[in-house]
Structure formats: structure tokens, C-alpha cells
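Below is one structure, written out as C-alpha cells, with a few remarks after it.
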Amino acid sequence: MVPDLQKLSADQLIQYVSWGFYLLIFALSIVRAIRSPLRSNINIAALFSITALTILLSVLTSLQVLPEGGLTSSISTSLILAMPYTLLRLADDFTEIPAWQMRGAEAILVLLVAGVFLMPPPLPLWFVLSLIVYLLAFFTYTTVVFMRTSARTSGVTRRRLRAVSVGSIALIVGFAILGIGLFVPGSSGFTRVLYDIVGLVSGIGYYLGFATPRTMRRAWQEPELRAFLSRAANLPRLPDTRTILQEMERGVASSVGTPGATIGLWNEEKRVLRYDVYGTISEAPPMMSLASGRAFLTQKAVFTPQVQLTNAAYVSMAKRLGAQAILAAPISAGDKRLGVLVVYAPRAPVFAEEDLALVQLLADQAAVVLESRALIDEAARVRAREEVTRLKEDFLSAAAHDLKTPLTTLVAQTQLLERRVQRAPDKPIDLDSVRRLVKEALRLKNLVLELLDVARAEQGKLVSELEFVDITQVAEEVCARHSTERHPCSVEAQGEVLGTYDSLRIFQLLENLVENAVKYSPEGGAVHVRAWQEDGWNHLAVEDEGIGIPADDLPSIFNRFHRGTNVDDRRFAGMGLGLFICRGIAEQHGGRISATSTPGKGTTFRVDLPVNLVLESAGAEVEAPGLMQESRTA
Amino acid sequence: MMSPEHNLDQEYGFILVVEDDPDIRSTVADILELEGYSVRLASNGAEALITLERASAPPSLVLLDMRMPVLDGWGFARSVADMGMKLPILVMTAAQDASRWANEIGAQGYIAKPFDLMDLLASVSKYAHHA
């Protein structure tokens, strides 16, 4: 029968169009399944074969090539019954359907088909009703599965599953319309048209979702891909490499539409790929048996539809990630191998073959990001080195200046004395000049000792002889030495605060802190020292009402050479070594030193020292004098 | 005590020592006074400017430390130039950049700390204006 186009009615036109469409996608899916015989492609081909066969049967029947009813009717009924099962298999291609459900569905299908063929026509009403219940139940169930999976996934996969969900809903609506047509007399013409339209929608939905054409897939990947690429430029500036990797992994996963992706970084020294999966670090040499290793070693993108793992560790990892299908691509910048990008999915059909190219593109993007990051890190290292050099130069010139100042007086004053004695041998030497010499000699001595202490602090040799020290007493002594009307110094303590320490160093520590407090305080600024014992530790705090330390400077004040940025170095002479030595004293006593400050209000330095000192690095050298004393007394 | 010195100032001029370290300042003053120079002292640039304003005649030489509180050597030199004065200056510093700094402020010369007494006296007699 060749349809006469002039006499063709609208409903017939729709019917022919939908038949044509179904036959076309049947042909496409068969070609796809033959070219790439993956389980999912075969399932898709099966689904569209069912519709194509159903159409073929009904065409042949209407052309009276085949007889109506009987075997023809049984076959088309069986084909319709096979549809929900095929859909369940397709659902299993995207998300795991429990095995018992699959087996149950198969058993029910076999029973019902057997019933269709074995029972004499017309089929009894109860059987027809159970067929309808079966169809409705399974169509509804698969629809729910598709909708739920769609909600769980993202990107292109979510859009595909949405199309499938629309197809499934249309299918249910189609069957409902068919039912209405059967039970409401006189509506058959109208419902037939509706059924065809809804059937067409269903077919389009399934086709777009299950056998997504390449252009459609690209369009559906574009929003996430575009978002990721636009973010990529900012990625190298994120605070650390780990955050960058996580951002890239997220971006890649959403662009490909999979639940996850992970980046393995190549460690040239250890010859391993290093992964950080949700905080679990794993390092392994690249192996040809794994997709990631193969991609890295061959420098080609690899697609593994179903991972075959023998290593128990990998199996559990794959299970935890829901990784059954893997796409891996090498991350390389020119000849430099940086690592590998692994994109995984619970089921292979989530991927398509053209995703290989996409994942390679994303891996190349990752290489750019990682290389930029390496350059930024390198620049930061260079800057840090320059900063250290600058600080060293500043220190050397400050040290030279500080040493030259007392030396200037010493040289000039002694020469002056010599000259005076030469000119007037009988005249007594004036006391002021001698006092000046003594004062400057002491100043020079202190500076030289401070410099020597820095060297000791760096070698961890600040602490020598240990004895019982009462921190309260030391604090009172130091405070008394520095307390003036302009800067009153007071001590607050709960009696003795005893510990075994190097008493000279504890004295030096307090002296430095109190001296600093006085030096950086305006007139009238009081200094307050507190000492107390708590939880097996001795604590002391030196509080001042001085100029304070800017928040930016606080972390580095205990570093060598550092001086506050708000310190006018002409007003406050000093090489910036005092606090460095203080830190050395605290740490080499097994303790720590810290500072809190409010600029303009004051600063509090706090030192925590263990009551019973356990010596670490300087142990042998500290014990030596004690042993010698023992042998001497014995 | 003031009047004979004042007369000497007018006759021979005086040497202005600008130095923040009190011991260096006094020692330099003692050395110069022993050689018969008239000396005035200032602990920073600002004090030195006040001394200049009060003096009836300009000093024959300024011995100038560079790093000082309140007003440093650069600030002092600039103020002097702004006032339209032209003074012989001998920079006296412990810094390595002594010659560069002397150049910067248009000083006649420099002497590096710590200095030898003879070198100090030689430089002073070389650069001091003989009024």
C-alpha cells in the first residue's frame, strides 16, 4: 500500500512520521551496537528493535500480509511485555539495579510470555488485568529509577537521564491513553492521534537520553565545561595545590557528567603517582594493568568500560568511589609528565567514546593550571630567597653600625686620653672620660655576646648548666633593675615558681623581654610581669602598654633579623636579635614563646616552660659538666 | 664663660657637632676643644638648626651624623639649603654608604666611624672655613 498523499489524513501522517522515526533510530542503534558491541549499546538496540518490530507487525497486519489475532497478536503482546524488562536493563546501565530485581523481572517476563502463548484465546480477563498491572508497575518503577538517578547525577548525565525520564513518563501516559481508548467507546480516533504523539515524544526522549547524538552531547556538556574553563584561569592562584587539585577534579567531573574524577600527580623522585582521594593519600607506581597507569605510560587517553581489578585494595577503592568505568588521560606539558587525570563512573554508558577527547582536553587544561602553579611557587621561592638576602644585608649593616658606635667612642676617647697625658703628664685623668670608656666597652661586650648567642641559638646550644630556678625571684630581680618612675615594673606571682633551667638564660630571657617592654613604651607606660604554675608547666607573661606590634609582623617577630615595620630604627637601636634569642632560650628549654598585641595599646609576651626539663638536642653537652663534677667530688 | 667664646666665634667661627650618641658627641667635643676649636653641640638636626639661628655668625664647619632621631642629616642639610645658607659639612657616619650620603647632601667630605683622632683633626682642619 503506497499512501496517497492527497488523501492522507492528519492522524495517518503522524503515524507514518512516528513509524519512520522509530525505524530510523532502530537502524542507528543497530549500527551503533554492531560498531561498538557494549552491553549498553546492545540494550539500546534491543529497546528500539522491540518498537520497530511492533510497528512492523502492525503494518504487516494492516496490509493483511499477516493474519490478525492468533500468533501475530501473541508475538506483539510479548514484545510489549519485554519492553519494561529492557528498560530495567537500561536503568542498570546507569545505576546499579539489585540482582534479585533483575532475576525477578526475568522470571515474571518468562511466566507472562508463556501464558500469552499457551493460553487459548481469548485471554481470560484476570490474565489481561495482570498483564496491565505488570506493565504499569514496571514502567512506573523504571521511571522512578531514572528520575532518582537524574537527581543524583550532574551535567550531561543528568540531562540525558531527564530526557529518559520524559520518555518514560510519555510511555506511561501513552498506555493510559490506549486504555481510555479501549474503555471509552467512540474516542478511538482521537486517542489514536494522542497515542501516536505521546509515543513519538517517548521515542525522542529515549533516543536523546540513551543514544545521545554527538552534537546533543556536546551541547549538554557545554554549560559545565564553559564554567570550568572560565574558572581555570584563577585556579593557579588558589592558596595551595591540594585545593587546586580538588577544584579541578570537581570541574572535570561536572564537565564530563560523572560523579567523580581524581588527579594523580607524578613524583619523579619516588617514581610513583600520588592520589589524594577524600583525604586518603595513596602512592603507587604506574602499572599497565590499570587504566591510570596505562594512560600515563603510553601518554594516550584510555577508556575502560568495566574495570577488572584483582588487587583487593583497588577493588575496595573502586567500590567506595563507585568506579566501574574509567576514562584516564595523561597530564603533560610538552615532554614533561605531570600526572594523570582519572574520570570514573559507576556505569560505562555514562561515558561516550567522544568523551576521550574531552577528558584529554581537560587533562591539557589541568597541565596548564599545574604548570602555572609551579611557576607561581617558583616565583614565591625566589622572592623569599631575595627577602632572606635582604634581611641578611640589613642585619649585617645594622650589626656593623651597632658595633661601630661604641667602638668610635672607645677609639677616639683612648686616643684623646693618650694625647692629654702626653701634653700634660702631671694632670690627673678625668673620671668622666674613664667612665665613658667603661660604659662603651660594656656596650660593645653586650653586643658581641648577643651576636655569639645568635650563633649558639642556631646551633641549639643556648642551654648549658641546669639548676633549680625560681622564676618569681628572677622576675623580681629583673623588674627591680628596670623599674623607673617613667616605666614602673611590677611582678605578680603565686609564691615560688620552680623549675630546672639554665638560670643565666632565664635571667637573659626576662631581661630581654622587660627591656623590650620598657624600650617600646611611651612615658608612664607600666610593665607587668606575671609568673604561675599550671598543669605541670611554668608560665610567665610580660605585659606592656607600648606601641604594640602590627598583626602582619606578629608571626615573624621571633625570626632572626626581623624588626617591627612600625619601629623607627634610628630611635630604637638594636639588631633585632633579642626576640630570636628569647625564642631559642624558650625552645631549647623544651618550651615555647608567643606574643599577642594590640597596636597602640600594648603587647603581651608569654613563655611556657616545662617544670621538669627534658633535654633534646643539647643533651650530651648539658650532662657533661654534671658528670665531671660528680667524678671530681668522688 | 659665654662672652669670650662668643668673641672667639666671631673671630674664628665655631664647629657645630651634630650627633645623637652622647658619648661620641662629648668625645669629639673634647678632642676639638683640646686643639683650641670652639665647639657647639646638638643631638639632632632640629637642635642644630636652633643653634644656627641663635649664632651670630655661621659655623666654620658642621660635623654631621646622618641617622638621628627627630631630624636626620638629610633633613638638616635640606633645611639649611632652604634657608639659603651654604655651610661646609663633614659627614660623620658608621654606615657603609658614607661617601654616597655625603654626595647626596652636597657635603664637602666624610669621615667613617670609628675614626682615628688624627684623621678627624686632619679632616676638620682641611674643611673648616677660616674666618
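FYI, nothing fancy with the C-alpha cells labels: chains A, B, ... in order, residues from 1 per chain, ligands from 1 as they appear.
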Would you mind listing, for every residue of chain B within 10 Å of chain A, the two atoms forming the shortest contact and the distance between them in Å to one decimal, using only C-alpha atoms, sorted by chain and ascending residue number, as CSV?
residue,atom,partner,partner_atom,distance
B:Asp20,CA,A:Arg570,CA,9.6
B:Asp21,CA,A:Thr405,CA,7.9
B:Pro22,CA,A:Thr409,CA,9.6
B:Asp23,CA,A:Thr409,CA,6.3
B:Ile24,CA,A:Thr409,CA,5.1
B:Arg25,CA,A:Thr409,CA,8.7
B:Ser26,CA,A:Thr409,CA,9.0
B:Thr27,CA,A:Gln413,CA,5.9
B:Val28,CA,A:Ala412,CA,7.5
B:Asp30,CA,A:Leu416,CA,7.9
B:Ile31,CA,A:Leu416,CA,6.1
B:Leu32,CA,A:Leu416,CA,9.8
B:Leu34,CA,A:Arg420,CA,8.2
B:Met66,CA,A:Arg570,CA,9.9
B:Arg67,CA,A:Arg570,CA,6.1
B:Met68,CA,A:Arg570,CA,5.9
B:Pro69,CA,A:Arg571,CA,5.7
B:Val70,CA,A:Arg571,CA,8.8
B:Asp72,CA,A:Arg570,CA,9.1
B:Thr93,CA,A:His401,CA,8.7
B:Ala94,CA,A:His401,CA,5.4
B:Ala95,CA,A:His401,CA,6.1
B:Gln96,CA,A:Ser397,CA,7.6
B:Ala112,CA,A:Thr408,CA,9.4
B:Lys113,CA,A:Thr408,CA,5.7
B:Pro114,CA,A:Thr408,CA,4.0
B:Phe115,CA,A:Thr408,CA,6.4
B:Asp116,CA,A:Ala412,CA,6.5
B:Leu117,CA,A:Ala412,CA,5.7
B:Met118,CA,A:Gln415,CA,8.9
B:Leu120,CA,A:Ala412,CA,9.2
Could you save those same residues with N, CA, C and O atoms as a compact mmCIF listing (two decimals), in the first residue's frame?
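So result.txt came out as:
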# COMPACT_ATOMS: atom_id res chain seq x y z
N ASP B 20 73.80 62.07 67.65
CA ASP B 20 72.80 61.64 68.64
C ASP B 20 73.41 60.83 69.77
O ASP B 20 72.86 60.79 70.86
N ASP B 21 74.53 60.16 69.52
CA ASP B 21 75.13 59.36 70.60
C ASP B 21 75.89 60.30 71.54
O ASP B 21 76.87 60.94 71.15
N PRO B 22 75.45 60.39 72.83
CA PRO B 22 76.03 61.39 73.72
C PRO B 22 77.52 61.20 73.96
O PRO B 22 78.27 62.17 74.10
N ASP B 23 77.98 59.93 73.98
CA ASP B 23 79.40 59.68 74.26
C ASP B 23 80.28 60.09 73.10
O ASP B 23 81.33 60.71 73.30
N ILE B 24 79.83 59.77 71.89
CA ILE B 24 80.61 60.20 70.72
C ILE B 24 80.64 61.73 70.67
O ILE B 24 81.67 62.35 70.43
N ARG B 25 79.47 62.32 70.94
CA ARG B 25 79.35 63.78 70.88
C ARG B 25 80.35 64.44 71.84
O ARG B 25 81.13 65.32 71.45
N SER B 26 80.36 63.97 73.08
CA SER B 26 81.25 64.58 74.08
C SER B 26 82.71 64.35 73.74
O SER B 26 83.56 65.23 73.89
N THR B 27 83.01 63.11 73.29
CA THR B 27 84.40 62.79 72.98
C THR B 27 84.92 63.68 71.85
O THR B 27 86.03 64.24 71.93
N VAL B 28 84.10 63.81 70.79
CA VAL B 28 84.51 64.66 69.65
C VAL B 28 84.72 66.10 70.14
O VAL B 28 85.70 66.76 69.78
N ASP B 30 85.52 67.11 73.15
CA ASP B 30 86.75 67.19 73.95
C ASP B 30 87.98 67.25 73.07
O ASP B 30 88.90 68.03 73.31
N ILE B 31 87.98 66.40 72.01
CA ILE B 31 89.14 66.36 71.10
C ILE B 31 89.34 67.72 70.45
O ILE B 31 90.45 68.28 70.42
N LEU B 32 88.24 68.29 69.93
CA LEU B 32 88.35 69.56 69.21
C LEU B 32 88.73 70.70 70.14
O LEU B 32 89.54 71.56 69.79
N LEU B 34 90.43 70.49 72.85
CA LEU B 34 91.84 70.36 73.23
C LEU B 34 92.75 71.03 72.19
O LEU B 34 93.81 71.53 72.51
N MET B 66 74.43 61.16 60.25
CA MET B 66 73.31 61.12 59.31
C MET B 66 72.05 60.55 59.94
O MET B 66 70.96 61.06 59.77
N ARG B 67 72.19 59.42 60.63
CA ARG B 67 71.00 58.78 61.20
C ARG B 67 70.80 59.30 62.61
O ARG B 67 71.54 58.94 63.52
N MET B 68 69.75 60.13 62.73
CA MET B 68 69.45 60.71 64.04
C MET B 68 67.94 60.81 64.19
O MET B 68 67.22 60.90 63.20
N PRO B 69 67.47 60.79 65.43
CA PRO B 69 66.03 60.97 65.62
C PRO B 69 65.61 62.42 65.34
O PRO B 69 66.46 63.29 65.17
N VAL B 70 64.32 62.64 65.32
CA VAL B 70 63.66 63.94 65.12
C VAL B 70 63.94 64.52 63.73
O VAL B 70 63.06 64.57 62.88
N ASP B 72 66.95 64.07 60.74
CA ASP B 72 68.21 63.40 60.42
C ASP B 72 69.11 64.31 59.58
O ASP B 72 68.78 65.47 59.31
N THR B 93 79.76 59.17 59.81
CA THR B 93 78.80 58.08 59.94
C THR B 93 79.49 56.73 60.03
O THR B 93 80.62 56.56 59.56
N ALA B 94 78.76 55.77 60.60
CA ALA B 94 79.27 54.41 60.70
C ALA B 94 78.79 53.57 59.52
O ALA B 94 79.19 52.43 59.35
N ALA B 95 77.91 54.15 58.71
CA ALA B 95 77.33 53.40 57.60
C ALA B 95 78.33 53.24 56.46
O ALA B 95 79.26 54.03 56.31
N GLN B 96 78.09 52.19 55.64
CA GLN B 96 78.99 51.94 54.51
C GLN B 96 78.79 52.96 53.39
O GLN B 96 79.67 53.16 52.57
N ALA B 112 84.56 58.20 58.27
CA ALA B 112 83.84 56.99 58.67
C ALA B 112 84.14 56.65 60.13
O ALA B 112 85.27 56.73 60.59
N LYS B 113 83.09 56.29 60.86
CA LYS B 113 83.24 55.84 62.24
C LYS B 113 83.63 54.38 62.23
O LYS B 113 83.08 53.63 61.41
N PRO B 114 84.44 53.84 63.09
CA PRO B 114 85.20 54.61 64.08
C PRO B 114 86.41 55.27 63.43
O PRO B 114 87.07 54.64 62.59
N PHE B 115 86.66 56.51 63.80
CA PHE B 115 87.74 57.25 63.13
C PHE B 115 88.95 57.40 64.04
O PHE B 115 88.85 57.30 65.26
N ASP B 116 90.06 57.62 63.40
CA ASP B 116 91.30 57.87 64.13
C ASP B 116 91.34 59.35 64.49
O ASP B 116 90.94 60.20 63.70
N LEU B 117 91.79 59.64 65.68
CA LEU B 117 91.83 61.03 66.15
C LEU B 117 92.58 61.94 65.18
O LEU B 117 92.12 63.04 64.86
N MET B 118 93.70 61.47 64.64
CA MET B 118 94.48 62.28 63.73
C MET B 118 93.73 62.54 62.43
O MET B 118 93.79 63.64 61.87
N LEU B 120 90.51 62.66 62.14
CA LEU B 120 89.44 63.61 62.43
C LEU B 120 90.00 65.04 62.40
O LEU B 120 89.45 65.92 61.73
Write out as a ChimeraX atom specification the set of residues from segment 89-319 of chain A that DSSP, computed on the backbone, places in alpha helix (DSSP H). /A:89-94,99-118,125-152,155-183,188-210,214-232,241-256,291-298,312-319
Atom CA of Ala541 of chain A and atom CA of His528 of chain A, how far apart in Å?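 Atom CA of His528 of chain A sits 8.0 Å away from atom CA of Ala541 of chain A.
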Quick one: distance from atom CA of Ala77 of chain B to atom CA of Ser123 of chain B in Å, one decimal? 19.2 Å
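We find atom CA of Ala227 of chain A and atom CA of Ser255 of chain A to be spaced 8.6 Å apart.
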Please provide as a list in words all residues within 8 Å of segment 116-130 of chain A, with the sequence filter that same-chain residues fewer than 6 positions apart are discarded (counting only C-alpha atoms).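 Within the cut-off, the hits are Gly70, Leu71, Ser74, Thr77 and Ser78 of chain A.
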Skip Gly339 of chain A itself and residues of its chain fewer than 5 positions away, then list as an MDAnalysis selection string all residues within 9 Å of it, counting only C-alpha atoms. chainID A and resid 263:267 273:274 296 329:332 367
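DSSP, applied to the backbone of this structure, assigns strand (DSSP E or B) to the following residues of segment 6-45 of chain B: B:Ile15, B:Leu16, B:Val17, B:Val18, B:Val39, B:Arg40, B:Leu41, B:Ala42.
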Put those residues in a file: C-alpha atoms, as a compact mmCIF listing (two decimals), in the first residue's frame.
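The result, written out as out_20.txt:
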# COMPACT_ATOMS: atom_id res chain seq x y z
CA ILE B 15 82.44 73.92 64.88
CA LEU B 16 78.95 72.51 65.20
CA VAL B 17 78.88 68.82 66.18
CA VAL B 18 75.53 67.16 65.37
CA VAL B 39 82.58 73.75 69.68
CA ARG B 40 78.82 73.73 69.91
CA LEU B 41 76.77 70.57 70.28
CA ALA B 42 73.42 69.36 69.02
Segment 581-592 of chain A surroundings by only C-alpha atoms, 9 Å radius, close-in-sequence under 2 positions cut, as a ChimeraX atom specification: /A:450,453-454,456-458,460-463,501-502,505-506,508-510,512-513,537,558-560,577-579,594,606-610,613-618
Okay, now the selection with C-alpha atoms, as a PDB file, in the first residue's frame?
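Now in out-v5.pdb:
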ATOM      1  CA  GLU A 450      74.421  38.886  71.717  1.00  0.00           C
ATOM      2  CA  ASP A 453      74.250  33.944  71.387  1.00  0.00           C
ATOM      3  CA  VAL A 454      72.651  34.076  67.965  1.00  0.00           C
ATOM      4  CA  ARG A 456      74.551  29.416  69.781  1.00  0.00           C
ATOM      5  CA  ALA A 457      70.798  29.668  69.327  1.00  0.00           C
ATOM      6  CA  GLU A 458      71.160  28.470  65.747  1.00  0.00           C
ATOM      7  CA  GLY A 460      70.784  24.669  69.701  1.00  0.00           C
ATOM      8  CA  LYS A 461      73.470  25.253  72.304  1.00  0.00           C
ATOM      9  CA  LEU A 462      71.934  28.009  74.404  1.00  0.00           C
ATOM     10  CA  VAL A 463      71.211  25.865  77.446  1.00  0.00           C
ATOM     11  CA  TYR A 501      66.600  25.583  83.992  1.00  0.00           C
ATOM     12  CA  ASP A 502      69.748  27.347  82.923  1.00  0.00           C
ATOM     13  CA  ARG A 505      69.412  32.070  80.264  1.00  0.00           C
ATOM     14  CA  ILE A 506      66.140  32.505  82.167  1.00  0.00           C
ATOM     15  CA  GLN A 508      68.529  36.804  79.998  1.00  0.00           C
ATOM     16  CA  LEU A 509      65.079  35.868  78.672  1.00  0.00           C
ATOM     17  CA  LEU A 510      63.291  38.017  81.254  1.00  0.00           C
ATOM     18  CA  ASN A 512      65.299  40.914  77.147  1.00  0.00           C
ATOM     19  CA  LEU A 513      61.506  40.922  77.444  1.00  0.00           C
ATOM     20  CA  TRP A 537      54.104  23.879  83.172  1.00  0.00           C
ATOM     21  CA  PHE A 558      60.770  35.741  66.659  1.00  0.00           C
ATOM     22  CA  ASN A 559      62.668  35.236  63.416  1.00  0.00           C
ATOM     23  CA  ARG A 560      66.264  36.260  63.081  1.00  0.00           C
ATOM     24  CA  LEU A 577      68.185  39.631  67.718  1.00  0.00           C
ATOM     25  CA  GLY A 578      66.693  39.854  71.207  1.00  0.00           C
ATOM     26  CA  LEU A 579      63.458  38.018  70.469  1.00  0.00           C
ATOM     27  CA  SER A 594      54.296  33.653  71.884  1.00  0.00           C
ATOM     28  CA  ARG A 606      54.089  34.744  77.086  1.00  0.00           C
ATOM     29  CA  VAL A 607      56.574  31.983  77.796  1.00  0.00           C
ATOM     30  CA  ASP A 608      55.592  28.412  78.697  1.00  0.00           C
ATOM     31  CA  LEU A 609      58.304  26.195  80.133  1.00  0.00           C
ATOM     32  CA  PRO A 610      58.079  22.579  81.284  1.00  0.00           C
ATOM     33  CA  LEU A 613      63.167  19.922  81.600  1.00  0.00           C
ATOM     34  CA  VAL A 614      63.784  17.087  79.195  1.00  0.00           C
ATOM     35  CA  LEU A 615      66.746  17.975  77.085  1.00  0.00           C
ATOM     36  CA  GLU A 616      66.695  17.042  73.443  1.00  0.00           C
ATOM     37  CA  SER A 617      69.421  18.265  71.153  1.00  0.00           C
ATOM     38  CA  ALA A 618      71.871  19.714  73.636  1.00  0.00           C
TER      39      ALA A 618
END
List as a list in words the protein and nucleic acid residues near Thr484 of chain A, meaning an atom at most 10 Å away when only C-alpha atoms are counted, but skip any in the same chain fewer than 5 places from it. Cys479, Cys489, Val518, Gly524 and Ala526 of chain A
Take the residues that were just selected and, keeping all heavy atoms, output them as a short mmCIF file (atom, residue, chain, number, x, y, z; two decimals), in the first residue's frame.
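Output saved as selection_16.cif:
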data_model
loop_
_atom_site.label_atom_id
_atom_site.label_comp_id
_atom_site.auth_asym_id
_atom_site.auth_seq_id
_atom_site.Cartn_x
_atom_site.Cartn_y
_atom_site.Cartn_z
N CYS A 479 62.85 43.00 87.27
CA CYS A 479 61.92 44.12 87.36
C CYS A 479 62.54 45.27 88.15
O CYS A 479 62.46 46.44 87.76
CB CYS A 479 60.65 43.66 88.04
SG CYS A 479 59.18 44.14 87.15
N CYS A 489 57.72 48.88 86.97
CA CYS A 489 57.63 47.44 86.65
C CYS A 489 57.18 46.69 87.90
O CYS A 489 57.73 46.89 88.99
CB CYS A 489 59.01 46.94 86.20
SG CYS A 489 59.01 45.19 85.78
N VAL A 518 60.08 48.11 78.11
CA VAL A 518 60.40 49.48 78.51
C VAL A 518 60.74 50.31 77.27
O VAL A 518 60.26 51.43 77.09
CB VAL A 518 61.58 49.49 79.51
CG1 VAL A 518 62.10 50.90 79.72
CG2 VAL A 518 61.14 48.87 80.84
N GLY A 524 55.49 56.75 81.16
CA GLY A 524 54.39 56.40 82.05
C GLY A 524 53.84 55.01 81.79
O GLY A 524 53.00 54.52 82.55
N ALA A 526 53.42 51.32 82.08
CA ALA A 526 53.85 50.36 83.10
C ALA A 526 54.16 49.02 82.46
O ALA A 526 53.63 48.67 81.41
CB ALA A 526 52.75 50.20 84.14
#
Selection near segment 52-60 of chain A, 10 Å with only C-alpha atoms, sequence-local residues under 4 positions removed, as number ranges by chain: A: 1, 18-27, 46-48, 64-68, 72-73, 75-80
